[in-house]
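These notes concern the structure reproduced below.
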Amino acid sequence: MTKIGFSKVGLGLCLALALSAPSQEANAQRRRPGKAAPAAQSELRSSNVAKAVAAATALGTSKSPKAMGELLDGLAMGLHPRVASAALDAVALKAKQNSFDVVSFYMHHRNAKVRSSALRVMGALTDKRAKAMVLAALGDPHKSVRASAAEILAAQNVKKAIEPLMSLLKKGDEAAAPALASLANPDLARAVSELIGQAPDGLLARCLGAILMRPDFKPEEARVEVVKALGKIPGNDSLEQLTNYVGAIPEKPPRASRTEAEQIIEARLGGM
Amino acid sequence: MATTHKFGTAKHLAVALALTLAAACGGTGSFGLSSGDNDPEKLSAAFATVQAPPDGPINSTGKPMVFLAARGKPMQLVAFDLEAKTELWRVDADVSSKVVVGRDFIAHRQGENTLVGRDVRTGAQLWSTSLKGTFIGAAADTNRVYFTMKSGGRSWVLQALNGKTGDEIWDAESNGALGAPAARGGLVFSPFMKQWLAILDAKKGTQLTRIRGIDEEISFVRTTPKHVYFGSKAGVFLLDERAASGKRAQSTYGQAKLPEDFIRVHYHWDAFDPVQAGYSAYDRNRVLWDADAADDKLAFSNDLVTVQTYRFFFGFSTTSGDLSWAYNHPRVDIVASAQLGTSIGMASMLGEIGALDPATGERIYEAKIPGQFIGGTFDAAGWAPNERNGEASGTAAALASIARDRDARFNDVKKFAVTALSQLKGGDVTRDLLVLIQNDKTPPYLLQTAAQVLVDRKDPEGLPYLVEALDVRHDYVKGTKPRAIGIAAMAIGAIDPAGIDASLRGKAVEGLIAHLTSPSTAVGDLVHLVRALGRIGAGAERSTLSSFLLVYRADPAFATQIDAVAATIDVLLSTGGTAEREIVSYVAEDPLSQPSVAEYASRALIQRPSTEEADAKAGEKADAKAGEKAPKAAKDASGKAALKGKTKPAAPKQAPTTKK
């Protein structure tokens with residue numbers, strides 16, 4: 001049987017994988033002596049999945065310049081999905097630009113957990129291609145991946161995400177509510193309010209409720225509008241959001257939005 | 001005053017055997033069992049009495065007309081002028097048989113036991129007569145109505161009435177089964193015991209002669225302004241002087257070659273089946289044809305017959321059986337149809353009246369009449385509408401629409417349509433098949449047929465549509481979902497790469513790669529994507545396939561479903577170079593690879609030795625032969641070299657980029 005060295009395969013890999021080889025800098029770093037995690041290096045490719053996962057995690061926290069190379073090489077050569085996920089999480093901690101090519105293949109991995117981990121790496125990169133991939137991940141078939149993408153996009157305040165997130169909200173995707181709430185300005189809050197009847201009531205109520213709870217969501221008139229919109233949403237979810245809002249805002253100084261919310265609650269409960 | 005002829009004295013014979021014995025004993029008259037058969041002279045004499053009927057409609061208005069029986073309480077009978085597109089009259093009438101048309105009258109059974117005559121111009125009832133027996137069928141010529149009844153256990157009667165007055169003119173009794181008659185030019189034709197065609201004088205009811213079918217039974221007789229035909233499900237005889245032989249070979253005889261998939265061949269209504277005397281499902285499953293004599297054979301017009309199956313019409317070449325055209329009538333069944341010579345008249349159950357060009361299937365006439373209909377009779381011989389709008393949908397489109405039809409009754413027809421599509425040329429067919437395959441409501445058996453047909457086409461002209469199918473990607477936000485990706489990939493893989501345009505090939509490879517790497521692609525489709533890439537990739541696929549192999553070789557999800565990974569290994573070894581072989585070797589050796597994948601890779605490497613390995617092996621054999629004479633030292637050296645070549649793959653051309 002043919003025996004070949006790992007380094008030769010590394011070449012074949014890099015030729016074939018469309019995973020461009022780690023950058024020269026990365027290679028140089030790998031060749032430089034430094035604090036490595038020798039056990040982790042050897043065990044990343046262990047056939048014992050638990051050990052390999054632990055090794056990947058250790059490489060993620062390792063300060064050794066070789067750690068990143070080890071992780072990328074491992075990913076390039078193929079790992080058990082659980083190990084790959086851990087390795088990607090480790091790469092995300094380091095957020096090196098040279099990881100894009102290797103990680104991009106994992107953005108389409110058949111295992112949703114692996115894709116979510118790859119997404120976290122992409123979210124940490126400044127590369128435009130990486131940002132586009134995160135945005136595209138809102139269309140992923142698995143809700144956990146969509147949720148990861150929504151979270152990243154909201155955290156990075158990516159306005160391009162608003163339109164697809166609105167579509168997700170209409171489709172009842174839970175991840176869209178907090179993300180939109182995080183991105184919302186008065187105009188967006190109004191647009192969300194207009195989805196009454198188009199998006200599921202509970203989800204819409206949670207989205208508007210989350211907007212209200214943002215201390216930076218201003219001005220007061222906009223808050224009142226959101227409260228009124230919540231008042232138009234049938235069901236207990238909207239009532240719960242209004243109650244939460246009233247409970248979270250101090251009575252003084254008085255706020256028109258709080259008063260409006262109280263009136264709606266009273267009217268709703270009085271009518272019961 | 002009516003004349004009664006009583007022929008045959010075996011009234012009490014209850015079984016056919018006894019009847020046959022009676023035949024041997026002789027008998028006279030219209031339906032005697034031992035009268036002279038197949039007499040050319042008598043047949044010629046009978047023909048000599050024929051007065052040629054009008055070429056066009058028989059009715060005295062001269063207008064091409066259709067008489068339609070309308071559902072309802074009460075039922076109605078409607079006369080429609082096809083040329084003027086005008087309803088001429090509508091009367092309440094419990095129509096329970098096909099309408100027969102004479103010059104000034106029409107006639108039909110009404111209810112269970114009455115035969116009525118009506119004024120052809122107004123629909124007003126002219127006469128009625130009670131029927132004392134089972135109605136078998138009726139016919140009319142210019143002046144008379146003829147009808148057959150089964151009047152007792154083994155007693156049948158053919159009766160002639162004056163069409164305008166209903167007065168009885170004659171009757172002819174029989175102890176053997178009589179079929180529904182036909183009439184033309186002063187002669188009446190009556191199938192007798194499925195073996196004879198009796199030819200009677202229409203004025204007197206006396207038998208002039210008769211034909212005995214020697215090679216096949218006689219279950220129908222049909223008249224047109226030009227000819228009289230008779231025959232069975234097996235074929236059609238023209239009633240000419242050659243028919244006196246009673247044999248196919250010596251007669252003007254023809255059969256249409258038709259596919260057997262779904263067609264129940266009925267060249268005409270079965271004269272002995274009382275059900276077919278009325279409007280029934282038999283009217284919706286028919287072969288429509290016109291024919292003439294040519295070189296002592298019966299030649300169907302334009303070498304075509306039209307097969308109607310409910311809403312669908314197909315034109316078939318009668319000599320090859322190939323499909324010539326197809327027509328799909330939208331939504332509702334056609335309940336009345338007729339070959340009128342230059343057109344095929346048809347009427348739907350919703351009162352849509354139309355005509356098709358029998359040569360092309362193009363719709364050449366449209367009209368509408370209110371009501372719901374159960375059947376109808378055309379009196380429109382030679383009617384030739386020509387309302388072509390130049391928007392003929394084409395056979396491929398018609399077949400595709402038939403295949404996509406949601407009516408669950410027509411599975412055989414749909415399957416035939418799909419198979420027929422495969423024989424048509426052009427990329428549009430690929431498009432139509434794809435639409436069918438991508439439709440969620442296509443039943444599995446049809447999907448399977450359509451997929452097989454699509455793959456078997458190997459049609460480069462269809463590649464743009466296949467690429468288009470691959471362009472649809474899964475996107476939860478946009479709500480897009482690719483369909484039938486595996487089938488599209490199989491179809492692409494079946495096309496000869498040499499016939500594919502380079503830019504289109506690039507797009508196809510791009511689409512195949514996108515779906516191979518998409519998490520939404522079904523595992524079962526992956527193998528087809530890999531194989532298609534291997535077939536048309538021309539090298540552009542190698543890096544993706546290498547990635548795919550390396551990333552999933554360690555994935556337990558592929559441990560038991562290794563088809564896709566195995567296909568990747570095959571493609572890399574068969575189309576790749578040294579680098580790809582190294583990757584497969586690595587997969588075979590690395591402990592992280594799933595055992596099933598590693599084992600497959602190992603076997604594949606043995607089965608597909610590299611060029612160097614193959615050369616070395618060949619060298620070994622040559623050396624072994626030469627070594628028998630060569631010095632021992634030289635033999636050892638060549639053996640080591642060969643062994644080295646066998647156990648070590650060629651060094652990569654580039655230096656490794658990762659170091660261990």
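We name chains A, B, ... following the order of the structure tokens; residues begin at 1 in each chain, and ligands are numbered from 1 as shown.
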* Write out as a ChimeraX atom specification all residues of stretch 308-508 of chain B that DSSP puts in alpha helix (DSSP H) for this structure's backbone. => /B:395-404,411-422,427-438,444-457,463-471,485-494,502-508
* To do: Tell me, as a list in words, which residues lie within 7 Å of A:Leu168, counting only C-alpha atoms; anything in the same chain fewer than 5 positions away does not count.
  => Asp173 and Ala176 of chain A; Val477 of chain B
Export, as a PDB file, in the first residue's frame, the selected residues with C-alpha atoms.
ATOM      1  CA  ASP A 173     -38.211  32.753  12.337  1.00  0.00           C
ATOM      2  CA  ALA A 176     -35.282  37.611  13.455  1.00  0.00           C
TER       3      ALA A 176
ATOM      4  CA  VAL B 477     -35.261  33.937   3.033  1.00  0.00           C
TER       5      VAL B 477
END
* Structure fact -> For A:His109, the closest of B:Ala557, B:Ala491, B:Ile569, B:Val287 counting only C-alpha atoms is B:Ala557
* **Polymer residues at most 7 Å from A:Ala92, only C-alpha atoms, same-chain spacing of 2 or more positions, as a list in words** => Leu88, Asp89, Ala90, Lys94, Ala95, Arg120, Val121 and Ala124 of chain A
* With a distance cut-off of 10 Å and only C-alpha atoms, select the neighbouring residues of stretch 403-409 of chain B, excluding the residue or stretch itself and same-chain residues fewer than 2 positions from it, and output the selection as a ChimeraX atom specification. => /B:310,328,330-332,397-401,411-419,421,432-433,435-437,439,441-443,446-447,450
* Give me, please, the distance in Å between atom CA of B:Asp590 and atom CA of A:Leu93, quoted to one decimal. => 28.2 Å
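Restricting the calculation to only C-alpha atoms, the smallest distance between chain A and any of B:Ala367, B:Val95, B:Ala183, B:Ala554 is found for B:Ala554.
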* Close residues, A:Ser116 itself excluded, 12 Å, only C-alpha atoms, min 2 positions apart in chain, as a PyMOL selection string -> chain A and resi 81-82+84-86+88-89+92+103-104+106-114+118-123+133-134+137-138+140-152
Dump N, CA and C atoms for the selected residues as a compact mmCIF listing (two decimals), in the first residue's frame?
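And here's selection.txt as it stands now:
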# COMPACT_ATOMS: atom_id res chain seq x y z
N PRO A 81 -16.88 15.71 12.39
CA PRO A 81 -17.65 16.96 12.48
C PRO A 81 -17.59 17.62 13.86
N ARG A 82 -17.60 16.84 14.91
CA ARG A 82 -17.53 17.47 16.26
C ARG A 82 -16.18 18.11 16.49
N ALA A 84 -14.26 19.18 14.03
CA ALA A 84 -14.22 20.33 13.10
C ALA A 84 -14.91 21.54 13.73
N SER A 85 -16.04 21.27 14.39
CA SER A 85 -16.77 22.36 15.02
C SER A 85 -15.92 23.01 16.11
N ALA A 86 -15.28 22.16 16.92
CA ALA A 86 -14.43 22.70 17.99
C ALA A 86 -13.24 23.45 17.39
N LEU A 88 -13.12 25.00 14.55
CA LEU A 88 -13.59 26.27 14.01
C LEU A 88 -13.86 27.27 15.13
N ASP A 89 -14.42 26.80 16.21
CA ASP A 89 -14.62 27.69 17.36
C ASP A 89 -13.27 28.23 17.84
N ALA A 92 -12.09 30.82 15.48
CA ALA A 92 -12.86 32.06 15.67
C ALA A 92 -12.23 32.93 16.76
N VAL A 103 -12.01 28.04 5.99
CA VAL A 103 -13.29 28.09 6.72
C VAL A 103 -14.47 28.22 5.76
N SER A 104 -14.26 28.88 4.62
CA SER A 104 -15.39 29.11 3.70
C SER A 104 -16.00 27.80 3.25
N TYR A 106 -16.28 25.21 5.01
CA TYR A 106 -17.10 24.72 6.13
C TYR A 106 -18.40 25.50 6.29
N MET A 107 -18.48 26.65 5.65
CA MET A 107 -19.74 27.42 5.68
C MET A 107 -20.87 26.64 5.02
N HIS A 108 -20.50 25.64 4.19
CA HIS A 108 -21.53 24.84 3.49
C HIS A 108 -21.53 23.40 3.98
N HIS A 109 -20.87 23.16 5.11
CA HIS A 109 -20.80 21.79 5.61
C HIS A 109 -22.21 21.25 5.85
N ARG A 110 -22.34 19.95 5.70
CA ARG A 110 -23.68 19.35 5.83
C ARG A 110 -24.16 19.32 7.28
N ASN A 111 -23.23 19.50 8.20
CA ASN A 111 -23.60 19.49 9.62
C ASN A 111 -23.86 20.93 10.08
N ALA A 112 -25.08 21.18 10.58
CA ALA A 112 -25.46 22.56 10.92
C ALA A 112 -24.58 23.14 12.03
N LYS A 113 -24.17 22.31 12.97
CA LYS A 113 -23.34 22.82 14.06
C LYS A 113 -21.98 23.28 13.52
N VAL A 114 -21.47 22.52 12.58
CA VAL A 114 -20.19 22.90 11.96
C VAL A 114 -20.37 24.23 11.23
N ALA A 118 -18.38 27.72 11.76
CA ALA A 118 -17.70 28.42 10.66
C ALA A 118 -18.19 29.86 10.56
N LEU A 119 -19.46 30.01 10.82
CA LEU A 119 -20.08 31.34 10.76
C LEU A 119 -19.46 32.28 11.78
N ARG A 120 -19.16 31.74 12.93
CA ARG A 120 -18.54 32.58 13.96
C ARG A 120 -17.16 33.06 13.51
N VAL A 121 -16.44 32.20 12.80
CA VAL A 121 -15.13 32.63 12.27
C VAL A 121 -15.36 33.75 11.28
N MET A 122 -16.30 33.54 10.37
CA MET A 122 -16.55 34.55 9.34
C MET A 122 -17.00 35.88 9.97
N GLY A 123 -17.77 35.76 11.01
CA GLY A 123 -18.24 36.97 11.69
C GLY A 123 -17.11 37.76 12.31
N MET A 133 -20.85 36.30 3.25
CA MET A 133 -21.22 34.92 3.60
C MET A 133 -22.10 34.89 4.85
N VAL A 134 -21.79 35.76 5.77
CA VAL A 134 -22.61 35.82 7.00
C VAL A 134 -24.03 36.28 6.63
N ALA A 137 -25.94 33.61 5.09
CA ALA A 137 -26.30 32.54 6.03
C ALA A 137 -27.69 32.75 6.64
N LEU A 138 -28.26 33.93 6.46
CA LEU A 138 -29.65 34.12 6.91
C LEU A 138 -30.60 33.23 6.13
N ASP A 140 -29.84 30.15 5.35
CA ASP A 140 -29.45 28.75 5.61
C ASP A 140 -30.68 27.90 5.91
N PRO A 141 -30.63 26.63 5.51
CA PRO A 141 -31.80 25.78 5.78
C PRO A 141 -32.03 25.49 7.26
N HIS A 142 -31.01 25.63 8.07
CA HIS A 142 -31.18 25.28 9.49
C HIS A 142 -31.34 26.53 10.35
N LYS A 143 -32.34 26.48 11.25
CA LYS A 143 -32.66 27.69 12.02
C LYS A 143 -31.51 28.08 12.96
N SER A 144 -30.74 27.11 13.45
CA SER A 144 -29.65 27.47 14.37
C SER A 144 -28.59 28.30 13.65
N VAL A 145 -28.36 27.96 12.38
CA VAL A 145 -27.37 28.72 11.60
C VAL A 145 -27.92 30.12 11.31
N ARG A 146 -29.18 30.17 10.97
CA ARG A 146 -29.80 31.48 10.72
C ARG A 146 -29.74 32.34 11.98
N ALA A 147 -29.96 31.70 13.11
CA ALA A 147 -29.93 32.44 14.37
C ALA A 147 -28.53 33.00 14.64
N SER A 148 -27.51 32.17 14.38
CA SER A 148 -26.13 32.65 14.56
C SER A 148 -25.85 33.83 13.65
N ALA A 149 -26.29 33.70 12.41
CA ALA A 149 -26.05 34.78 11.44
C ALA A 149 -26.76 36.06 11.89
N ALA A 150 -28.01 35.91 12.32
CA ALA A 150 -28.79 37.09 12.75
C ALA A 150 -28.11 37.77 13.94
N GLU A 151 -27.61 36.97 14.83
CA GLU A 151 -26.96 37.52 16.02
C GLU A 151 -25.71 38.31 15.64
N ILE A 152 -24.92 37.72 14.76
CA ILE A 152 -23.68 38.39 14.33
C ILE A 152 -24.00 39.69 13.60
* **Residue contacts of A:Val83 (7 Å, only C-alpha atoms) excluding same-chain residues fewer than 6 positions away, as a PyMOL selection string** => chain A and resi 49+52-53+56
* Asked: Using only C-alpha atoms, which residues sit within 8 Å of B:Ser245 once same-chain residues fewer than 4 positions away are excluded, as a ChimeraX atom specification?
  -> /B:38-40,211,250-251
Would you please give, as an mmCIF file with N, CA and C atoms, in the first residue's frame, all residues of stretch 264-446 of chain B that DSSP assigns to strand (DSSP E or B) based on the backbone?
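Final output, saved to part04.cif:
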data_model
loop_
_atom_site.group_PDB
_atom_site.id
_atom_site.type_symbol
_atom_site.label_atom_id
_atom_site.label_comp_id
_atom_site.auth_asym_id
_atom_site.auth_seq_id
_atom_site.Cartn_x
_atom_site.Cartn_y
_atom_site.Cartn_z
ATOM 1 N N ASN B 285 -63.387 7.350 -26.093
ATOM 2 C CA ASN B 285 -62.198 6.510 -26.312
ATOM 3 C C ASN B 285 -62.320 5.864 -27.679
ATOM 4 N N ARG B 286 -61.890 6.557 -28.679
ATOM 5 C CA ARG B 286 -62.167 6.108 -30.041
ATOM 6 C C ARG B 286 -60.979 6.327 -30.960
ATOM 7 N N VAL B 287 -61.039 5.593 -32.052
ATOM 8 C CA VAL B 287 -60.111 5.873 -33.145
ATOM 9 C C VAL B 287 -60.930 6.551 -34.238
ATOM 10 N N LEU B 288 -60.507 7.718 -34.654
ATOM 11 C CA LEU B 288 -61.219 8.487 -35.689
ATOM 12 C C LEU B 288 -60.393 8.416 -36.970
ATOM 13 N N ALA B 291 -60.705 6.794 -44.775
ATOM 14 C CA ALA B 291 -59.838 5.906 -45.551
ATOM 15 C C ALA B 291 -60.371 5.717 -46.953
ATOM 16 N N ASP B 292 -59.470 5.303 -47.827
ATOM 17 C CA ASP B 292 -59.835 5.059 -49.213
ATOM 18 C C ASP B 292 -59.016 3.874 -49.721
ATOM 19 N N ALA B 293 -59.380 3.399 -50.877
ATOM 20 C CA ALA B 293 -58.627 2.284 -51.445
ATOM 21 C C ALA B 293 -57.387 2.819 -52.144
ATOM 22 N N ALA B 294 -56.296 2.108 -51.981
ATOM 23 C CA ALA B 294 -55.058 2.463 -52.680
ATOM 24 C C ALA B 294 -54.256 1.178 -52.871
ATOM 25 N N LYS B 297 -55.343 -1.933 -51.156
ATOM 26 C CA LYS B 297 -55.315 -1.897 -49.691
ATOM 27 C C LYS B 297 -56.159 -0.720 -49.220
ATOM 28 N N LEU B 298 -56.512 -0.793 -47.952
ATOM 29 C CA LEU B 298 -57.202 0.353 -47.374
ATOM 30 C C LEU B 298 -56.134 1.312 -46.852
ATOM 31 N N ALA B 299 -56.156 2.523 -47.364
ATOM 32 C CA ALA B 299 -55.159 3.508 -46.935
ATOM 33 C C ALA B 299 -55.852 4.588 -46.109
ATOM 34 N N PHE B 300 -55.379 4.770 -44.884
ATOM 35 C CA PHE B 300 -55.961 5.813 -44.045
ATOM 36 C C PHE B 300 -55.487 7.177 -44.559
ATOM 37 N N LEU B 304 -52.733 8.782 -41.456
ATOM 38 C CA LEU B 304 -52.945 9.129 -40.045
ATOM 39 C C LEU B 304 -54.292 8.634 -39.544
ATOM 40 N N VAL B 305 -54.329 8.256 -38.295
ATOM 41 C CA VAL B 305 -55.610 8.125 -37.598
ATOM 42 C C VAL B 305 -55.501 8.979 -36.335
ATOM 43 N N THR B 306 -56.651 9.373 -35.837
ATOM 44 C CA THR B 306 -56.679 10.171 -34.621
ATOM 45 C C THR B 306 -57.236 9.306 -33.493
ATOM 46 N N VAL B 307 -56.513 9.282 -32.411
ATOM 47 C CA VAL B 307 -56.985 8.537 -31.246
ATOM 48 C C VAL B 307 -57.472 9.533 -30.202
ATOM 49 N N GLN B 308 -58.730 9.382 -29.810
ATOM 50 C CA GLN B 308 -59.260 10.242 -28.752
ATOM 51 C C GLN B 308 -59.318 9.454 -27.452
ATOM 52 N N THR B 309 -58.797 10.071 -26.414
ATOM 53 C CA THR B 309 -58.945 9.509 -25.072
ATOM 54 C C THR B 309 -59.419 10.654 -24.194
ATOM 55 N N PHE B 312 -57.914 14.129 -24.682
ATOM 56 C CA PHE B 312 -56.661 14.122 -25.433
ATOM 57 C C PHE B 312 -56.860 13.509 -26.816
ATOM 58 N N PHE B 313 -56.223 14.113 -27.777
ATOM 59 C CA PHE B 313 -56.262 13.594 -29.137
ATOM 60 C C PHE B 313 -54.812 13.400 -29.601
ATOM 61 N N PHE B 314 -54.579 12.268 -30.234
ATOM 62 C CA PHE B 314 -53.243 11.986 -30.752
ATOM 63 C C PHE B 314 -53.365 11.574 -32.215
ATOM 64 N N GLY B 315 -52.509 12.139 -33.036
ATOM 65 C CA GLY B 315 -52.445 11.704 -34.423
ATOM 66 C C GLY B 315 -51.302 10.713 -34.577
ATOM 67 N N PHE B 316 -51.602 9.541 -35.089
ATOM 68 C CA PHE B 316 -50.565 8.517 -35.255
ATOM 69 C C PHE B 316 -50.418 8.138 -36.718
ATOM 70 N N SER B 317 -49.203 7.931 -37.115
ATOM 71 C CA SER B 317 -48.973 7.356 -38.438
ATOM 72 C C SER B 317 -49.477 5.918 -38.414
ATOM 73 N N LEU B 323 -46.027 8.853 -33.248
ATOM 74 C CA LEU B 323 -46.900 9.978 -32.924
ATOM 75 C C LEU B 323 -46.612 11.126 -33.880
ATOM 76 N N SER B 324 -47.659 11.674 -34.452
ATOM 77 C CA SER B 324 -47.479 12.791 -35.374
ATOM 78 C C SER B 324 -47.841 14.112 -34.690
ATOM 79 N N TRP B 325 -48.891 14.114 -33.897
ATOM 80 C CA TRP B 325 -49.275 15.322 -33.185
ATOM 81 C C TRP B 325 -50.084 14.957 -31.946
ATOM 82 N N ALA B 326 -50.250 15.922 -31.082
ATOM 83 C CA ALA B 326 -51.055 15.711 -29.869
ATOM 84 C C ALA B 326 -51.831 16.983 -29.576
ATOM 85 N N TYR B 327 -53.004 16.800 -29.041
ATOM 86 C CA TYR B 327 -53.828 17.950 -28.647
ATOM 87 C C TYR B 327 -54.425 17.659 -27.270
ATOM 88 N N ASN B 328 -54.316 18.620 -26.403
ATOM 89 C CA ASN B 328 -54.865 18.476 -25.047
ATOM 90 C C ASN B 328 -55.970 19.499 -24.878
ATOM 91 N N ILE B 334 -64.014 15.669 -23.889
ATOM 92 C CA ILE B 334 -64.732 15.805 -25.158
ATOM 93 C C ILE B 334 -65.738 14.658 -25.211
ATOM 94 N N VAL B 335 -67.010 15.006 -25.341
ATOM 95 C CA VAL B 335 -68.058 13.979 -25.273
ATOM 96 C C VAL B 335 -68.590 13.589 -26.655
ATOM 97 N N ALA B 336 -68.232 14.368 -27.660
ATOM 98 C CA ALA B 336 -68.649 14.016 -29.014
ATOM 99 C C ALA B 336 -67.521 14.353 -29.970
ATOM 100 N N SER B 337 -67.242 13.454 -30.870
ATOM 101 C CA SER B 337 -66.210 13.721 -31.857
ATOM 102 C C SER B 337 -66.544 12.968 -33.131
ATOM 103 N N ALA B 338 -66.034 13.465 -34.240
ATOM 104 C CA ALA B 338 -66.299 12.796 -35.515
ATOM 105 C C ALA B 338 -65.241 13.168 -36.536
ATOM 106 N N GLN B 339 -64.812 12.181 -37.309
ATOM 107 C CA GLN B 339 -63.922 12.438 -38.433
ATOM 108 C C GLN B 339 -64.825 12.883 -39.583
ATOM 109 N N ILE B 344 -61.762 17.317 -37.774
ATOM 110 C CA ILE B 344 -62.295 16.469 -36.712
ATOM 111 C C ILE B 344 -63.164 17.356 -35.843
ATOM 112 N N GLY B 345 -64.462 17.085 -35.872
ATOM 113 C CA GLY B 345 -65.367 17.878 -35.050
ATOM 114 C C GLY B 345 -65.375 17.348 -33.638
ATOM 115 N N MET B 346 -65.537 18.258 -32.683
ATOM 116 C CA MET B 346 -65.579 17.806 -31.289
ATOM 117 C C MET B 346 -66.431 18.769 -30.453
ATOM 118 N N ALA B 347 -66.996 18.212 -29.408
ATOM 119 C CA ALA B 347 -67.790 19.033 -28.482
ATOM 120 C C ALA B 347 -67.488 18.562 -27.066
ATOM 121 N N SER B 348 -67.287 19.531 -26.174
ATOM 122 C CA SER B 348 -66.930 19.176 -24.799
ATOM 123 C C SER B 348 -68.174 19.100 -23.934
ATOM 124 N N GLU B 352 -68.146 23.460 -25.291
ATOM 125 C CA GLU B 352 -67.140 24.052 -26.186
ATOM 126 C C GLU B 352 -67.125 23.208 -27.442
ATOM 127 N N ILE B 353 -67.339 23.850 -28.547
ATOM 128 C CA ILE B 353 -67.359 23.127 -29.819
ATOM 129 C C ILE B 353 -66.116 23.514 -30.595
ATOM 130 N N GLY B 354 -65.470 22.535 -31.159
ATOM 131 C CA GLY B 354 -64.216 22.834 -31.834
ATOM 132 C C GLY B 354 -63.998 21.912 -33.003
ATOM 133 N N ALA B 355 -62.910 22.199 -33.703
ATOM 134 C CA ALA B 355 -62.487 21.311 -34.779
ATOM 135 C C ALA B 355 -60.968 21.304 -34.822
ATOM 136 N N LEU B 356 -60.431 20.160 -35.174
ATOM 137 C CA LEU B 356 -58.984 20.009 -35.303
ATOM 138 C C LEU B 356 -58.640 19.675 -36.742
ATOM 139 N N ARG B 363 -55.920 23.403 -33.729
ATOM 140 C CA ARG B 363 -57.331 23.747 -33.535
ATOM 141 C C ARG B 363 -57.742 24.766 -34.587
ATOM 142 N N ILE B 364 -58.811 24.469 -35.304
ATOM 143 C CA ILE B 364 -59.180 25.321 -36.436
ATOM 144 C C ILE B 364 -60.589 25.885 -36.305
ATOM 145 N N TYR B 365 -61.187 25.700 -35.145
ATOM 146 C CA TYR B 365 -62.540 26.222 -34.973
ATOM 147 C C TYR B 365 -62.851 26.275 -33.485
ATOM 148 N N GLU B 366 -63.574 27.320 -33.065
ATOM 149 C CA GLU B 366 -64.012 27.435 -31.677
ATOM 150 C C GLU B 366 -65.392 28.042 -31.615
ATOM 151 N N ALA B 367 -66.229 27.483 -30.819
ATOM 152 C CA ALA B 367 -67.550 28.066 -30.558
ATOM 153 C C ALA B 367 -67.990 27.591 -29.179
ATOM 154 N N LYS B 368 -69.070 28.172 -28.692
ATOM 155 C CA LYS B 368 -69.519 27.812 -27.344
ATOM 156 C C LYS B 368 -71.027 27.820 -27.316
ATOM 157 N N PHE B 373 -73.200 18.791 -21.463
ATOM 158 C CA PHE B 373 -73.630 17.825 -22.470
ATOM 159 C C PHE B 373 -73.070 16.426 -22.208
ATOM 160 N N ILE B 374 -73.852 15.440 -22.648
ATOM 161 C CA ILE B 374 -73.407 14.064 -22.443
ATOM 162 C C ILE B 374 -72.944 13.410 -23.743
ATOM 163 N N GLY B 375 -73.295 13.998 -24.855
ATOM 164 C CA GLY B 375 -72.859 13.436 -26.125
ATOM 165 C C GLY B 375 -73.495 14.168 -27.279
ATOM 166 N N GLY B 376 -73.114 13.781 -28.474
ATOM 167 C CA GLY B 376 -73.662 14.475 -29.628
ATOM 168 C C GLY B 376 -73.347 13.777 -30.927
ATOM 169 N N THR B 377 -74.056 14.204 -31.965
ATOM 170 C CA THR B 377 -73.895 13.633 -33.300
ATOM 171 C C THR B 377 -73.622 14.761 -34.290
ATOM 172 N N PHE B 378 -72.584 14.584 -35.087
ATOM 173 C CA PHE B 378 -72.268 15.580 -36.109
ATOM 174 C C PHE B 378 -72.916 15.174 -37.438
ATOM 175 N N ASP B 379 -73.531 16.118 -38.071
ATOM 176 C CA ASP B 379 -73.945 15.938 -39.468
ATOM 177 C C ASP B 379 -73.245 17.045 -40.238
#
* To do: Can you work out which one of A:Thr243, A:Asn185, A:Gln97, A:Asn157 has the shortest atom-to-atom distance to A:Arg214, counting only C-alpha atoms?
  => A:Asn185
